[in-house]
Amino acid sequence: MLKHDKYIPLLKAFALAVVIFALAGGASFLFPESYQVPVVMLLITTLGLGASFVPAFNRIEKSFELGMYLVLVFSVVVASMVSIPDLINGAPTLFYYVTMVIFGSLILQVILSRIFKIDTDTVIITSTALICSPPFVPVVAGALHNRRIVVPGLTVGIIGYAIGNYLGFVIAELLKNW
């Protein structure tokens, strides 16, 4: 990624990401303070999806890898702030809830895949993309010795990110008013 022929286009992709973030951040000030963070997240998602349809942007080599690298760095930083004792002692209900959601969604996916006769490799790769995230898709595809499932896995993972942002906001609003 750091070769000159890849470096300059990646800088342009990074600059686009900064512009999208700035636009979303600026637009969030048009909303009440309680909605500013969700507005930023949803606008980043919307503008990012919109930019992905522009050929000049979606053809930049290694931009997906750069984005996934930044997501992983962000994840490590957030995870480094977790206190395991506080998590176990202070929020066992949250731990049980997350466990139930992950395994419940996996069981639901397997049941629906069986009903619709979806092959095992596709079920494994899509569940990996949805639970772990798209960067794990190529690793699992390699372990399964099936490179044909990389594109469906990445596609499902990226669509899952986008839908998850919108659906998460809607559910949070419903639960807040409940």
# chains A, B, ... in the order shown; residues from 1 in each chain; ligands from 1
>>> closest_atom_pairs(of="stretch 129-153 of chain A", to="stretch 102-117 of chain A", cutoff="12 Å", atoms="only C-alpha atoms", output="Markdown table")
| residue | atom | partner | partner_atom | distance |
| --- | --- | --- | --- | --- |
| A:Ala129 | CA | A:Leu106 | CA | 11.6 |
| A:Leu130 | CA | A:Leu106 | CA | 9.3 |
| A:Ile131 | CA | A:Ile102 | CA | 7.1 |
| A:Cys132 | CA | A:Ile102 | CA | 10.1 |
>>> select_by_dssp(residues="stretch 27-171 of chain A", states="alpha helix (DSSP H)", output="compact mmCIF listing (two decimals) with C-alpha atoms, in the first residue's frame")
# COMPACT_ATOMS: atom_id res chain seq x y z
CA ALA A 27 -24.45 18.89 9.42
CA SER A 28 -24.90 17.36 12.87
CA GLN A 36 -25.74 14.69 16.88
CA VAL A 37 -23.80 11.40 17.23
CA PRO A 38 -26.42 9.29 15.41
CA VAL A 39 -26.67 11.94 12.67
CA VAL A 40 -22.89 11.86 12.17
CA MET A 41 -22.88 8.05 11.98
CA LEU A 42 -25.83 7.86 9.58
CA LEU A 43 -24.51 10.65 7.35
CA ILE A 44 -21.07 9.04 7.18
CA THR A 45 -22.76 5.77 6.20
CA THR A 46 -25.00 7.46 3.62
CA LEU A 47 -22.29 9.64 2.07
CA GLY A 48 -19.81 6.74 2.06
CA LEU A 49 -22.30 4.48 0.30
CA GLY A 50 -23.05 7.26 -2.18
CA ALA A 51 -19.35 7.81 -2.89
CA SER A 52 -18.89 4.07 -3.42
CA PRO A 55 -16.28 4.99 -10.39
CA ALA A 56 -13.38 7.33 -9.67
CA PHE A 57 -13.62 6.40 -5.99
CA ASN A 58 -14.64 2.75 -6.07
CA SER A 63 -8.84 1.49 -0.41
CA PHE A 64 -10.88 -1.34 1.12
CA GLU A 65 -7.77 -2.68 2.83
CA LEU A 66 -6.88 0.78 4.15
CA GLY A 67 -10.40 1.21 5.48
CA MET A 68 -10.37 -2.18 7.16
CA TYR A 69 -6.97 -1.40 8.68
CA LEU A 70 -8.36 1.79 10.18
CA VAL A 71 -11.44 -0.08 11.46
CA LEU A 72 -9.17 -2.63 13.13
CA VAL A 73 -6.99 0.10 14.70
CA PHE A 74 -10.17 1.75 16.02
CA SER A 75 -11.38 -1.61 17.37
CA VAL A 76 -8.10 -2.27 19.17
CA VAL A 77 -8.17 1.20 20.74
CA VAL A 78 -11.75 0.75 21.93
CA ALA A 79 -11.05 -2.80 23.17
CA SER A 80 -8.00 -1.60 25.10
CA ILE A 84 -12.78 -7.30 32.08
CA PRO A 85 -13.60 -7.30 35.83
CA ASP A 86 -16.02 -4.39 35.34
CA LEU A 87 -17.58 -6.17 32.39
CA ILE A 88 -18.07 -9.40 34.31
CA ASN A 89 -19.09 -7.88 37.65
CA GLY A 90 -20.85 -4.75 36.56
CA PRO A 92 -23.42 -9.59 33.46
CA THR A 93 -26.79 -8.91 31.87
CA LEU A 94 -25.07 -7.15 28.96
CA PHE A 95 -22.69 -10.10 28.54
CA TYR A 96 -25.63 -12.54 28.46
CA TYR A 97 -27.53 -10.31 26.04
CA VAL A 98 -24.62 -10.08 23.59
CA THR A 99 -24.07 -13.84 23.82
CA MET A 100 -27.76 -14.46 23.16
CA VAL A 101 -27.82 -12.08 20.18
CA ILE A 102 -24.72 -13.60 18.55
CA PHE A 103 -25.71 -17.23 19.02
CA GLY A 104 -29.40 -16.53 18.40
CA SER A 105 -28.67 -14.83 15.09
CA LEU A 106 -26.29 -17.63 14.12
CA ILE A 107 -28.92 -20.29 14.88
CA LEU A 108 -31.54 -18.30 12.94
CA GLN A 109 -29.13 -17.98 9.99
CA VAL A 110 -28.45 -21.74 9.98
CA ILE A 111 -32.17 -22.55 10.13
CA LEU A 112 -32.99 -20.16 7.27
CA SER A 113 -30.04 -21.44 5.25
CA ARG A 114 -31.27 -24.99 5.67
CA ILE A 115 -34.79 -24.00 4.58
CA THR A 120 -22.38 -24.85 4.08
CA ASP A 121 -19.41 -22.77 2.88
CA THR A 122 -21.66 -19.80 2.13
CA VAL A 123 -23.30 -20.09 5.56
CA ILE A 124 -19.89 -20.18 7.26
CA ILE A 125 -18.49 -17.23 5.30
CA THR A 126 -21.56 -15.02 5.70
CA SER A 127 -21.80 -15.72 9.42
CA THR A 128 -18.11 -14.85 9.71
CA ALA A 129 -18.68 -11.57 7.86
CA LEU A 130 -21.69 -10.65 9.98
CA ILE A 131 -20.33 -11.66 13.38
CA VAL A 137 -13.63 -13.41 5.25
CA PRO A 138 -10.46 -14.13 3.21
CA VAL A 139 -8.90 -15.99 6.16
CA VAL A 140 -11.94 -18.25 6.56
CA ALA A 141 -12.24 -18.74 2.78
CA GLY A 142 -8.60 -19.82 2.72
CA ALA A 143 -9.19 -22.28 5.56
CA VAL A 150 -14.78 -14.31 -0.75
CA VAL A 151 -16.89 -11.86 -2.81
CA PRO A 152 -20.26 -12.98 -1.34
CA GLY A 153 -18.76 -12.85 2.15
CA LEU A 154 -17.35 -9.34 1.71
CA THR A 155 -20.59 -8.15 0.11
CA VAL A 156 -22.72 -9.47 2.98
CA GLY A 157 -20.35 -7.97 5.55
CA ILE A 158 -20.35 -4.51 4.00
CA ILE A 159 -24.12 -4.50 3.52
CA GLY A 160 -24.40 -5.68 7.14
CA TYR A 161 -22.34 -2.68 8.29
CA ALA A 162 -24.62 -0.28 6.42
CA ILE A 163 -27.92 -1.85 7.46
CA GLY A 164 -26.67 -2.25 11.02
CA ASN A 165 -26.02 1.48 11.36
CA TYR A 166 -29.54 2.43 10.25
CA LEU A 167 -31.28 -0.42 12.08
CA GLY A 168 -29.27 0.23 15.26
CA PHE A 169 -30.40 3.86 15.30
CA VAL A 170 -34.06 2.92 14.75
CA ILE A 171 -33.99 0.27 17.50
>>> closest_residue(among="A:Ala91, A:His145, A:Lys12, A:Asp119", to="A:Ile60", atoms="only C-alpha atoms")
A:Lys12
>>> closest_residue(among="A:Phe136, A:Leu10, A:Ile149, A:Asn177", to="A:Arg59", atoms="only C-alpha atoms")
A:Leu10
>>> atom_distance(atom1="atom CA of A:Leu23", atom2="atom CA of A:Tyr7")
24.2 Å
>>> atom_distance(atom1="atom CA of A:Ala22", atom2="atom CA of A:Lys62")
22.8 Å
>>> decode(residues="stretch 29-40 of chain A", atoms="all heavy atoms", output="CSV table (one decimal), in the first residue's frame")
chain,number,residue,atom,x,y,z
A,29,PHE,N,-24.6,19.7,13.6
A,29,PHE,CA,-24.9,20.9,14.4
A,29,PHE,C,-26.3,21.5,14.1
A,29,PHE,O,-26.8,22.3,14.8
A,29,PHE,CB,-23.8,21.9,14.3
A,29,PHE,CG,-22.5,21.5,14.9
A,29,PHE,CD1,-21.4,21.3,14.1
A,29,PHE,CD2,-22.4,21.3,16.3
A,29,PHE,CE1,-20.2,20.8,14.7
A,29,PHE,CE2,-21.3,20.9,16.9
A,29,PHE,CZ,-20.2,20.7,16.1
A,30,LEU,N,-26.9,21.0,13.0
A,30,LEU,CA,-28.3,21.4,12.7
A,30,LEU,C,-29.3,20.7,13.5
A,30,LEU,O,-30.5,21.0,13.3
A,30,LEU,CB,-28.5,21.2,11.2
A,30,LEU,CG,-27.6,22.0,10.2
A,30,LEU,CD1,-27.8,21.5,8.8
A,30,LEU,CD2,-27.7,23.5,10.4
A,31,PHE,N,-28.9,19.7,14.3
A,31,PHE,CA,-29.8,18.9,15.0
A,31,PHE,C,-29.6,19.1,16.5
A,31,PHE,O,-28.6,19.5,16.9
A,31,PHE,CB,-29.6,17.4,14.7
A,31,PHE,CG,-30.0,17.1,13.2
A,31,PHE,CD1,-29.0,17.3,12.2
A,31,PHE,CD2,-31.2,16.6,12.9
A,31,PHE,CE1,-29.4,17.0,10.9
A,31,PHE,CE2,-31.6,16.3,11.6
A,31,PHE,CZ,-30.6,16.5,10.6
A,32,PRO,N,-30.6,18.7,17.3
A,32,PRO,CA,-30.4,18.8,18.8
A,32,PRO,C,-29.2,17.9,19.2
A,32,PRO,O,-28.9,16.9,18.6
A,32,PRO,CB,-31.8,18.2,19.3
A,32,PRO,CG,-32.7,18.3,18.2
A,32,PRO,CD,-31.9,18.2,16.9
A,33,GLU,N,-28.7,18.3,20.3
A,33,GLU,CA,-27.4,17.7,20.8
A,33,GLU,C,-27.6,16.2,21.0
A,33,GLU,O,-26.7,15.4,20.8
A,33,GLU,CB,-27.0,18.3,22.2
A,33,GLU,CG,-25.6,17.9,22.6
A,33,GLU,CD,-25.2,18.6,23.8
A,33,GLU,OE1,-25.5,19.8,24.0
A,33,GLU,OE2,-24.4,18.0,24.6
A,34,SER,N,-28.8,15.7,21.4
A,34,SER,CA,-29.0,14.3,21.7
A,34,SER,C,-29.0,13.5,20.4
A,34,SER,O,-28.8,12.3,20.4
A,34,SER,CB,-30.4,14.1,22.4
A,34,SER,OG,-31.4,14.5,21.6
A,35,TYR,N,-29.2,14.1,19.2
A,35,TYR,CA,-29.2,13.4,18.0
A,35,TYR,C,-27.9,13.6,17.2
A,35,TYR,O,-27.7,13.0,16.1
A,35,TYR,CB,-30.3,13.9,17.1
A,35,TYR,CG,-31.6,13.3,17.5
A,35,TYR,CD1,-32.5,14.1,18.2
A,35,TYR,CD2,-32.0,12.0,17.2
A,35,TYR,CE1,-33.8,13.6,18.7
A,35,TYR,CE2,-33.2,11.5,17.6
A,35,TYR,CZ,-34.1,12.3,18.3
A,35,TYR,OH,-35.3,11.8,18.8
A,36,GLN,N,-26.9,14.4,17.7
A,36,GLN,CA,-25.7,14.7,16.9
A,36,GLN,C,-24.9,13.5,16.5
A,36,GLN,O,-24.5,13.3,15.4
A,36,GLN,CB,-24.9,15.8,17.6
A,36,GLN,CG,-25.6,17.1,17.5
A,36,GLN,CD,-24.8,18.2,18.2
A,36,GLN,OE1,-23.8,18.0,18.9
A,36,GLN,NE2,-25.2,19.5,17.9
A,37,VAL,N,-24.6,12.6,17.5
A,37,VAL,CA,-23.8,11.4,17.2
A,37,VAL,C,-24.5,10.5,16.2
A,37,VAL,O,-23.9,10.1,15.2
A,37,VAL,CB,-23.4,10.7,18.5
A,37,VAL,CG1,-22.8,9.3,18.2
A,37,VAL,CG2,-22.5,11.5,19.4
A,38,PRO,N,-25.8,10.1,16.4
A,38,PRO,CA,-26.4,9.3,15.4
A,38,PRO,C,-26.4,9.9,14.0
A,38,PRO,O,-26.3,9.2,13.0
A,38,PRO,CB,-27.8,9.1,15.9
A,38,PRO,CG,-27.8,9.4,17.4
A,38,PRO,CD,-26.7,10.3,17.6
A,39,VAL,N,-26.6,11.2,14.0
A,39,VAL,CA,-26.7,11.9,12.7
A,39,VAL,C,-25.3,11.8,12.0
A,39,VAL,O,-25.2,11.5,10.8
A,39,VAL,CB,-27.1,13.4,12.8
A,39,VAL,CG1,-26.8,14.2,11.6
A,39,VAL,CG2,-28.6,13.5,13.2
A,40,VAL,N,-24.2,12.0,12.7
A,40,VAL,CA,-22.9,11.9,12.2
A,40,VAL,C,-22.7,10.5,11.6
A,40,VAL,O,-22.3,10.3,10.5
A,40,VAL,CB,-21.8,12.2,13.2
A,40,VAL,CG1,-20.4,11.8,12.7
A,40,VAL,CG2,-21.8,13.7,13.5
